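Here the structure is laid out as structure tokens; the discussion comes afterwards.
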Amino acid sequence: MMRSDPRALQLNEHGQLKHFLTLDGLDKTILTEILDRADSFLSMGEQSVKKVPLLRGKTVVNLFFENSTRTRTTFELAAKRLSADVINLNIETSATSKGESLLDTLKNLEAMQSDMFIVRHSDSGAAHFIAEHCTPNVAIINAGDGRHAHPTQAMLDMLTIRRHKGTFEGIKVAIVGDILHSRVARSELHAMTTLGVEEVRLVGPKTLVPDFFSEMGATICHDLEAGLKDVDVIIMLRLQKERMKGALLPSEGEFYRLYGLTEESLSWAKPDAIVMHPGPINRGVEISSEVADGEHSVILDQVTNGIAVRMAVLSMAMSGQVQSDDVLGDEK
Amino acid sequence: MKLRIQNGRVIDPSQGIDLVTDLYVENQKIAGIGDAPAGFENADVIDAAGLWVLPGLVDLAVALREPGFSQKGSIATEGRAAVSGGVTTLICPPDTNPIVDTPAVAALIQDKADEAGMANVFPLGALTQGLDGAHLSNMVSLTDAGCVALSNHRRPMASTKVLFRALEYAATHDLLVVFHPDESSLSEGGCAHEGLMSTMHGLAGIPETAETIALMRDLLLVEKSGVRAHFARLSCAKSVEMIADARAAGLDVTADVAVHNLLLSDQVLNQFNGHYHVLPPLRGEGDRLTLIEGLKSGAITAICSDHQPHEKMAKVAPFSATEPGMANVEVLLPLALTLMDEGDLDLSTVLSCLTYGPASCFGLEAGTLAVGSFADFVLFDSTAQWDWTLDNRKTKGQNSPYFGESFNGRVMSTFISGQRVYHLA
């Protein structure tokens, strides 16, 4: 009994997005379409009237089982700019009743006739789980599941790279820090290998950068200088304080000394390298204030691009649901 | 009562028998194979033409969930599931509620099993009180009450010192100890084999070393204490080597493997399907193949179902939040037989690992059609094609990735002590 491949779970009969769960399995055409559409929304964001009616009359639920101010806010803004009605739900879960409460919560929200769930959850695969157990016609957007995927974050990073570099061909990227626990890094790796980035280097100590990532198409570097040499893009990841408790690192100080991005370490990259960070940043832990606020930093562009990418993804998934409905209607 | 099982293909690895002939049963026991013993002229006849006549299967790991977990299963439901799969003797783990750490609980399970009239049930006793890993259980009393061996299940021991003392105490009384090699500080929090698949999917990994470090420690303690030991549910290639080396060095140890670890690897994790969440986890393809080699070489002498029934909700959650385990006892035999194609194993080896092999690990008088042994046997139609579904299942459990699958080969009848306890309607 082989169930449908979850990578196919997110596409409708026409190969269009109907959920957005992971970048694994999505081809270059779809990823490029997301970026192109986001580009057009970006120019719209500069106009005085920022709304389009693509999701008018639709109810979008921000379903956050894990706290996140920034991601939730940009999703909310994206949905509102598409004229949707937006409900925010922050749901605390106890570790023991997680599974049941998740399904129960879902059934309740379904009964409210929502059209889209934007889900963040601490368990890897949670968005897949919801997409499989939800009634059809509700689009599921993954806003981060455990360590597994954060596909909108990865796509906004791709948009940022494309807008600054013009292309992915021949580009070298270094992702630095806690790769092991990072859903952002995993999704970025899928996006970059699909879009044709020349080289993706993952930089950090062995405790945070397992060798298995080399089988996913990345180059592993344990030395920051080797990792940053001649790269076009540097993506710094946030270092969570609890990593010190798990004996993965001795101290923030030693991490900063070895892997922190400073003006000196930035000089190892190409002169026109851009510096990115999914936020929120820890100044003096993974990145110096001078670099975070400096001319190479595009961290605030990422936030702006995030709204546009999320508008693109929400509108595509909703139209993929509608297209899917039409097919069902024809069959009846 | 006298019974002639006529014209079946009688296969008994314990005696090296594989021929179309008759099997004779008298007074609950096997009376003969081949020529009729005296006095069988008017015996009842069961026509087994076209069927295999096999020793009843011996399954070293069937969780019955009683007492304590009636939402998952009971001695009656899981006993029925077992005999419908051809299992006539089973060993159940001590992780019930209350835990099997007193003679009363051991007796309760056996009484209920007798009442159900299904498979022969042998409980494992807890090695420590409440499986707390710190205080030794009344091992001798438990054994006197019918426990075939002692085990701390997959629960950690408080210290290596306590473990060693438990082994010494068990050795004093010549008791068998069952190990689930697992260094909990390494496996804690993990839900999948640490490898490319778990890394890609962001699932917390259980490294191979969680098993091998514990196994090496346990083997050293077994050698020092002189205890009789059985190692349950090996999952790693290196573990197979370590067991083989220990046996070659003369250590009195045996080992088993769960059928799903022989058939599946971590490649199936791409579906985030919680039905594949098991402990020890489905490991890499290399591990899987080495486990099969371990059956060929004789390092591993038993295949078990590691039957762990769960209610539906236990698996309705994101992968890591699901409860581990599959409920496959009903399809143990057809699943194991696929190893002949998948793993290039011969029929005799597969059947031996389901019958005489596991019985020998625990010193049970079972898994054989030898004259004088209890007449526990199975009639199996190796050509029957059937679908195993949630609707026709016998187990109360709803957790198996194999529901909806088509199987080749089906148990038609199961006999225990000469009595037919299961017959496919």
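Numbering starts fresh at 1 for the residues of each chain in the structure tokens, the chains themselves are lettered A, B, ... in the order given, and ligands are numbered from 1 as they appear.
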Neighbour list for stretch 272-275 of chain A as an MDAnalysis selection string, cut-off 12 Å, only C-alpha atoms, skip fewer than 5 positions in-chain: chainID A and resid 157 160:165 171:176 228:237 261:263 265:267 287:288 290:302
Could you tell me which residues of chain B sit within 7 Å of chain A when counting only C-alpha atoms, and give me the result as a list in words? Gly195, Leu196, Thr199, Met200, His201, Gly202, Leu203, Gln271, Phe272, Val316, Ala317, Pro318, Phe319, Ser320, Ala321, Pro401, Tyr402, Phe403, Gly404 and Glu405 of chain B
Please write the residues from the selection above to a file, keeping N, CA and C atoms, as a short mmCIF file (atom, residue, chain, number, x, y, z; two decimals), in the first residue's frame.
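Final output, out.cif:
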data_model
loop_
_atom_site.label_atom_id
_atom_site.label_comp_id
_atom_site.auth_asym_id
_atom_site.auth_seq_id
_atom_site.Cartn_x
_atom_site.Cartn_y
_atom_site.Cartn_z
N GLY B 195 20.71 9.06 9.22
CA GLY B 195 21.29 8.87 7.90
C GLY B 195 20.79 9.95 6.97
N LEU B 196 20.98 9.73 5.68
CA LEU B 196 20.57 10.74 4.71
C LEU B 196 19.07 11.03 4.79
N THR B 199 18.16 13.02 7.84
CA THR B 199 18.73 14.36 7.70
C THR B 199 17.90 15.21 6.75
N MET B 200 17.57 14.62 5.59
CA MET B 200 16.79 15.34 4.59
C MET B 200 15.44 15.77 5.13
N HIS B 201 14.82 14.87 5.88
CA HIS B 201 13.46 15.13 6.32
C HIS B 201 13.38 15.77 7.70
N GLY B 202 14.54 16.09 8.24
CA GLY B 202 14.55 16.80 9.51
C GLY B 202 14.02 15.99 10.67
N LEU B 203 14.17 14.65 10.58
CA LEU B 203 13.72 13.79 11.67
C LEU B 203 14.91 13.50 12.57
N GLN B 271 7.80 9.33 2.88
CA GLN B 271 6.36 9.56 2.94
C GLN B 271 5.89 10.12 4.27
N PHE B 272 6.80 10.32 5.23
CA PHE B 272 6.42 10.78 6.56
C PHE B 272 5.30 9.92 7.13
N VAL B 316 -2.07 8.69 14.16
CA VAL B 316 -2.60 9.87 13.47
C VAL B 316 -1.95 11.11 14.06
N ALA B 317 -0.75 11.39 13.61
CA ALA B 317 0.05 12.50 14.11
C ALA B 317 1.25 12.65 13.19
N PRO B 318 1.94 13.76 13.26
CA PRO B 318 3.19 13.86 12.51
C PRO B 318 4.16 12.75 12.94
N PHE B 319 5.03 12.33 12.06
CA PHE B 319 5.85 11.13 12.24
C PHE B 319 6.43 10.96 13.64
N SER B 320 7.14 11.97 14.14
CA SER B 320 7.85 11.79 15.41
C SER B 320 6.88 11.70 16.58
N ALA B 321 5.66 12.21 16.41
CA ALA B 321 4.69 12.19 17.51
C ALA B 321 3.86 10.92 17.52
N PRO B 401 1.79 -0.79 7.83
CA PRO B 401 1.84 -0.28 6.45
C PRO B 401 1.36 -1.33 5.46
N TYR B 402 1.13 -2.55 5.94
CA TYR B 402 0.78 -3.65 5.03
C TYR B 402 -0.73 -3.83 4.85
N PHE B 403 -1.53 -3.05 5.59
CA PHE B 403 -2.97 -3.13 5.33
C PHE B 403 -3.23 -2.68 3.90
N GLY B 404 -4.08 -3.46 3.20
CA GLY B 404 -4.37 -3.15 1.80
C GLY B 404 -3.44 -3.86 0.83
N GLU B 405 -2.41 -4.55 1.37
CA GLU B 405 -1.48 -5.26 0.50
C GLU B 405 -2.02 -6.64 0.14
#
With only C-alpha atoms as the counted atoms, please give the residues lying no more than 8 Å from B:Gly56, apart from itself and same-chain residues fewer than 6 positions off, as a list of chain:residue names.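 Selected residues are B:Gly86, B:Val87, B:Thr88, B:Thr89, B:Thr355, B:Ala366, B:Gly367, B:Thr368, B:Asp376, B:Phe377, B:Val378, B:Thr414, B:Phe415, B:Ile416.
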Output the selection as a compact mmCIF listing (two decimals), in the first residue's frame - C-alpha atoms for each residue.
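Everything below was put into selection.txt:
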# COMPACT_ATOMS: atom_id res chain seq x y z
CA GLY B 86 0.00 -19.66 12.29
CA VAL B 87 1.70 -18.65 15.53
CA THR B 88 1.14 -21.32 18.17
CA THR B 89 3.69 -20.15 20.74
CA THR B 355 9.84 -22.22 14.29
CA ALA B 366 8.01 -26.04 20.37
CA GLY B 367 8.55 -25.35 16.69
CA THR B 368 9.06 -28.98 15.70
CA ASP B 376 1.24 -27.62 17.22
CA PHE B 377 1.07 -27.31 13.46
CA VAL B 378 -0.23 -25.21 10.62
CA THR B 414 -3.85 -23.82 13.01
CA PHE B 415 -3.68 -26.68 15.50
CA ILE B 416 -2.46 -26.52 19.07
10 Å contact set for A:Met318, only C-alpha atoms, chain neighbours under 3 positions out, as a list of chain:residue names: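 Returned residues: A:Leu17, A:Lys18, A:His19, A:Leu54, A:Leu55, A:Lys58, A:Asp115, A:Met116, A:Asn137, A:Val138, A:Ala139, A:Ile140, A:Val313, A:Leu314, A:Ser315, A:Gln321, A:Val322, A:Gln323, A:Ser324.
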DSSP on the backbone: what in stretch 57-220 of chain B comes out strand (DSSP E), as an MDAnalysis selection string? chainID B and resid 57:59 87:92 120:126 149:151 176:179 192:193 205:206
Please save N, CA and C atoms of the selected residues as a PDB file, in the first residue's frame.
ATOM      1  N   LEU B  57       4.259 -21.708  14.307  1.00  0.00           N
ATOM      2  CA  LEU B  57       5.302 -20.695  14.416  1.00  0.00           C
ATOM      3  C   LEU B  57       5.523 -20.298  15.873  1.00  0.00           C
ATOM      4  N   VAL B  58       6.764 -19.934  16.165  1.00  0.00           N
ATOM      5  CA  VAL B  58       7.129 -19.446  17.494  1.00  0.00           C
ATOM      6  C   VAL B  58       7.550 -17.991  17.333  1.00  0.00           C
ATOM      7  N   ASP B  59       6.779 -17.090  17.905  1.00  0.00           N
ATOM      8  CA  ASP B  59       7.043 -15.651  17.729  1.00  0.00           C
ATOM      9  C   ASP B  59       7.552 -15.082  19.045  1.00  0.00           C
ATOM     10  N   VAL B  87       0.845 -18.691  14.347  1.00  0.00           N
ATOM     11  CA  VAL B  87       1.704 -18.647  15.531  1.00  0.00           C
ATOM     12  C   VAL B  87       1.029 -19.450  16.644  1.00  0.00           C
ATOM     13  N   THR B  88       1.709 -20.479  17.121  1.00  0.00           N
ATOM     14  CA  THR B  88       1.140 -21.317  18.169  1.00  0.00           C
ATOM     15  C   THR B  88       1.807 -21.095  19.522  1.00  0.00           C
ATOM     16  N   THR B  89       2.984 -20.476  19.493  1.00  0.00           N
ATOM     17  CA  THR B  89       3.685 -20.153  20.738  1.00  0.00           C
ATOM     18  C   THR B  89       4.194 -18.733  20.624  1.00  0.00           C
ATOM     19  N   LEU B  90       3.928 -17.941  21.639  1.00  0.00           N
ATOM     20  CA  LEU B  90       4.411 -16.563  21.572  1.00  0.00           C
ATOM     21  C   LEU B  90       4.944 -16.125  22.922  1.00  0.00           C
ATOM     22  N   ILE B  91       5.859 -15.165  22.822  1.00  0.00           N
ATOM     23  CA  ILE B  91       6.416 -14.556  24.020  1.00  0.00           C
ATOM     24  C   ILE B  91       5.969 -13.110  24.031  1.00  0.00           C
ATOM     25  N   CYS B  92       5.421 -12.673  25.189  1.00  0.00           N
ATOM     26  CA  CYS B  92       4.918 -11.300  25.257  1.00  0.00           C
ATOM     27  C   CYS B  92       5.815 -10.488  26.183  1.00  0.00           C
ATOM     28  N   ASN B 120      -0.068 -20.665  22.802  1.00  0.00           N
ATOM     29  CA  ASN B 120       0.659 -20.833  24.058  1.00  0.00           C
ATOM     30  C   ASN B 120       1.402 -19.536  24.356  1.00  0.00           C
ATOM     31  N   VAL B 121       1.150 -18.970  25.518  1.00  0.00           N
ATOM     32  CA  VAL B 121       1.697 -17.649  25.835  1.00  0.00           C
ATOM     33  C   VAL B 121       2.713 -17.759  26.957  1.00  0.00           C
ATOM     34  N   PHE B 122       3.908 -17.225  26.694  1.00  0.00           N
ATOM     35  CA  PHE B 122       4.948 -17.167  27.719  1.00  0.00           C
ATOM     36  C   PHE B 122       5.345 -15.714  27.945  1.00  0.00           C
ATOM     37  N   PRO B 123       5.064 -15.184  29.144  1.00  0.00           N
ATOM     38  CA  PRO B 123       5.464 -13.790  29.389  1.00  0.00           C
ATOM     39  C   PRO B 123       6.956 -13.666  29.682  1.00  0.00           C
ATOM     40  N   LEU B 124       7.486 -12.491  29.328  1.00  0.00           N
ATOM     41  CA  LEU B 124       8.806 -12.114  29.807  1.00  0.00           C
ATOM     42  C   LEU B 124       8.602 -11.388  31.128  1.00  0.00           C
ATOM     43  N   GLY B 125       9.440 -11.688  32.110  1.00  0.00           N
ATOM     44  CA  GLY B 125       9.369 -10.963  33.369  1.00  0.00           C
ATOM     45  C   GLY B 125      10.256  -9.732  33.313  1.00  0.00           C
ATOM     46  N   ALA B 126       9.885  -8.727  34.103  1.00  0.00           N
ATOM     47  CA  ALA B 126      10.707  -7.517  34.170  1.00  0.00           C
ATOM     48  C   ALA B 126      12.008  -7.830  34.910  1.00  0.00           C
ATOM     49  N   ALA B 149      11.878 -15.784  30.590  1.00  0.00           N
ATOM     50  CA  ALA B 149      13.136 -15.050  30.628  1.00  0.00           C
ATOM     51  C   ALA B 149      12.850 -13.695  31.244  1.00  0.00           C
ATOM     52  N   LEU B 150      13.907 -12.915  31.474  1.00  0.00           N
ATOM     53  CA  LEU B 150      13.750 -11.602  32.090  1.00  0.00           C
ATOM     54  C   LEU B 150      14.312 -10.551  31.147  1.00  0.00           C
ATOM     55  N   SER B 151      13.674  -9.396  31.174  1.00  0.00           N
ATOM     56  CA  SER B 151      14.105  -8.346  30.259  1.00  0.00           C
ATOM     57  C   SER B 151      13.748  -6.995  30.825  1.00  0.00           C
ATOM     58  N   LEU B 176      17.502 -16.928  31.869  1.00  0.00           N
ATOM     59  CA  LEU B 176      17.813 -16.312  30.580  1.00  0.00           C
ATOM     60  C   LEU B 176      17.460 -14.822  30.637  1.00  0.00           C
ATOM     61  N   VAL B 177      18.347 -13.981  30.127  1.00  0.00           N
ATOM     62  CA  VAL B 177      18.080 -12.539  30.081  1.00  0.00           C
ATOM     63  C   VAL B 177      17.989 -12.093  28.623  1.00  0.00           C
ATOM     64  N   VAL B 178      16.943 -11.309  28.339  1.00  0.00           N
ATOM     65  CA  VAL B 178      16.743 -10.776  26.988  1.00  0.00           C
ATOM     66  C   VAL B 178      17.172  -9.313  26.964  1.00  0.00           C
ATOM     67  N   PHE B 179      18.069  -8.996  26.041  1.00  0.00           N
ATOM     68  CA  PHE B 179      18.570  -7.622  25.905  1.00  0.00           C
ATOM     69  C   PHE B 179      17.963  -6.946  24.676  1.00  0.00           C
ATOM     70  N   ALA B 192      14.078   8.003  13.924  1.00  0.00           N
ATOM     71  CA  ALA B 192      14.416   7.382  12.642  1.00  0.00           C
ATOM     72  C   ALA B 192      15.910   7.118  12.598  1.00  0.00           C
ATOM     73  N   HIS B 193      16.311   6.206  11.730  1.00  0.00           N
ATOM     74  CA  HIS B 193      17.733   5.901  11.543  1.00  0.00           C
ATOM     75  C   HIS B 193      18.496   7.174  11.184  1.00  0.00           C
ATOM     76  N   GLY B 205      17.606  11.778  14.516  1.00  0.00           N
ATOM     77  CA  GLY B 205      18.151  10.466  14.188  1.00  0.00           C
ATOM     78  C   GLY B 205      18.514   9.630  15.396  1.00  0.00           C
ATOM     79  N   ILE B 206      18.473   8.309  15.204  1.00  0.00           N
ATOM     80  CA  ILE B 206      19.009   7.361  16.184  1.00  0.00           C
ATOM     81  C   ILE B 206      20.237   6.739  15.532  1.00  0.00           C
TER      82      ILE B 206
END
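One finds atom CA of B:Glu183 at 7.6 Å from atom CA of B:Pro156.
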Using DSSP on the backbone coordinates, identify all residues within stretch 95-219 of chain A classified as alpha helix (DSSP H); present the result as a ChimeraX atom specification. /A:98-111,126-133,151-165,183-195
Point-to-point distance from atom CA of A:Asn67 to atom CA of A:Glu188, Å rounded to tenths: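 Atom CA of A:Glu188 lies 21.7 Å from atom CA of A:Asn67.
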Coordinates-based distance that separates atom CA of A:Thr69 from atom CA of A:Asn282 (Å, one decimal): 15.9 Å
Which residues, written as a list in words, have at least one atom at most 10 Å from A:Arg37, with only C-alpha atoms counted and residues fewer than 4 positions away on the same chain left out?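 What passes the distance filter is Thr32, Glu33, Phe41, Leu42, Ala308, Val309, Met311, Ala312, Val313, Ser315 and Met316 of chain A.
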Compare B:Ala36, B:Ala258, B:Val329, B:Val83 by their minimum atom-to-atom distance to B:Gln6, counting only C-alpha atoms, and give me the closest one.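 Counting only C-alpha atoms, the residue closest to B:Gln6 is B:Ala36.
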Using only C-alpha atoms, can you tell me which of B:His135, B:Arg247, B:Lys312, B:Arg283 comes closest to B:Gly298?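 Looking only at the distances to B:Gly298, the closest residue turns out to be B:Arg247.
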B:Met157 environment, 10 Å, only C-alpha atoms, sequence neighbours closer than 4 positions dropped, as a ChimeraX atom specification: /B:127-128,131-135,152,161-164,183-184
With C-alpha atoms retained, could you export that selection as a compact mmCIF listing (two decimals), in the first residue's frame?
# COMPACT_ATOMS: atom_id res chain seq x y z
CA LEU B 127 14.41 -7.53 35.03
CA THR B 128 13.87 -4.65 37.45
CA LEU B 131 11.26 -1.64 34.71
CA ASP B 132 12.85 1.20 36.69
CA GLY B 133 16.32 -0.03 35.90
CA ALA B 134 17.40 0.34 39.51
CA HIS B 135 15.82 -2.35 41.72
CA ASN B 152 14.19 -4.64 30.93
CA LYS B 161 26.65 -1.57 37.78
CA VAL B 162 22.97 -2.37 38.33
CA LEU B 163 22.86 -4.15 34.98
CA PHE B 164 25.86 -6.26 35.88
CA GLU B 183 22.26 3.28 24.72
CA SER B 184 19.42 5.57 25.65
Which residues, written as a PDB file with C-alpha atoms, in the first residue's frame, have at least one atom at most 12 Å from B:Leu108, with only C-alpha atoms counted and residues fewer than 6 positions away on the same chain left out?
ATOM      1  CA  GLU B  66      -3.279  -6.840  28.462  1.00  0.00           C
ATOM      2  CA  PRO B  67      -3.405  -5.851  31.225  1.00  0.00           C
ATOM      3  CA  ILE B  75      -5.060 -11.400  25.093  1.00  0.00           C
ATOM      4  CA  THR B  96       1.993  -4.032  30.382  1.00  0.00           C
ATOM      5  CA  PRO B  98       0.846  -3.199  35.677  1.00  0.00           C
ATOM      6  CA  ILE B  99       4.253  -4.332  34.478  1.00  0.00           C
ATOM      7  CA  VAL B 100       5.093  -8.029  34.632  1.00  0.00           C
ATOM      8  CA  ASP B 101       7.213  -7.669  37.756  1.00  0.00           C
ATOM      9  CA  THR B 102       5.137  -9.816  40.111  1.00  0.00           C
ATOM     10  CA  ASP B 114      -5.619 -20.374  28.736  1.00  0.00           C
ATOM     11  CA  GLU B 115      -9.146 -19.017  28.895  1.00  0.00           C
ATOM     12  CA  VAL B 121       1.697 -17.649  25.835  1.00  0.00           C
ATOM     13  CA  PHE B 122       4.948 -17.167  27.719  1.00  0.00           C
ATOM     14  CA  PRO B 123       5.464 -13.790  29.389  1.00  0.00           C
ATOM     15  CA  ALA B 145       5.283 -18.183  37.852  1.00  0.00           C
ATOM     16  CA  GLY B 146       5.923 -18.999  34.204  1.00  0.00           C
ATOM     17  CA  CYS B 147       8.144 -16.231  32.878  1.00  0.00           C
TER      18      CYS B 147
END
Pick the closest to B:Leu234 from B:Leu251, B:Leu295, B:Glu188, B:Val62: which is it, counting only C-alpha atoms?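 Residue with the minimum atom-to-atom distance to B:Leu234: B:Leu295.
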Among the residues B:Pro207, B:Gly39, B:Pro103, B:Gly250, the one that comes closest to B:Leu282 [using only C-alpha atoms]: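 Looking only at the distances to B:Leu282, the closest residue turns out to be B:Pro207.
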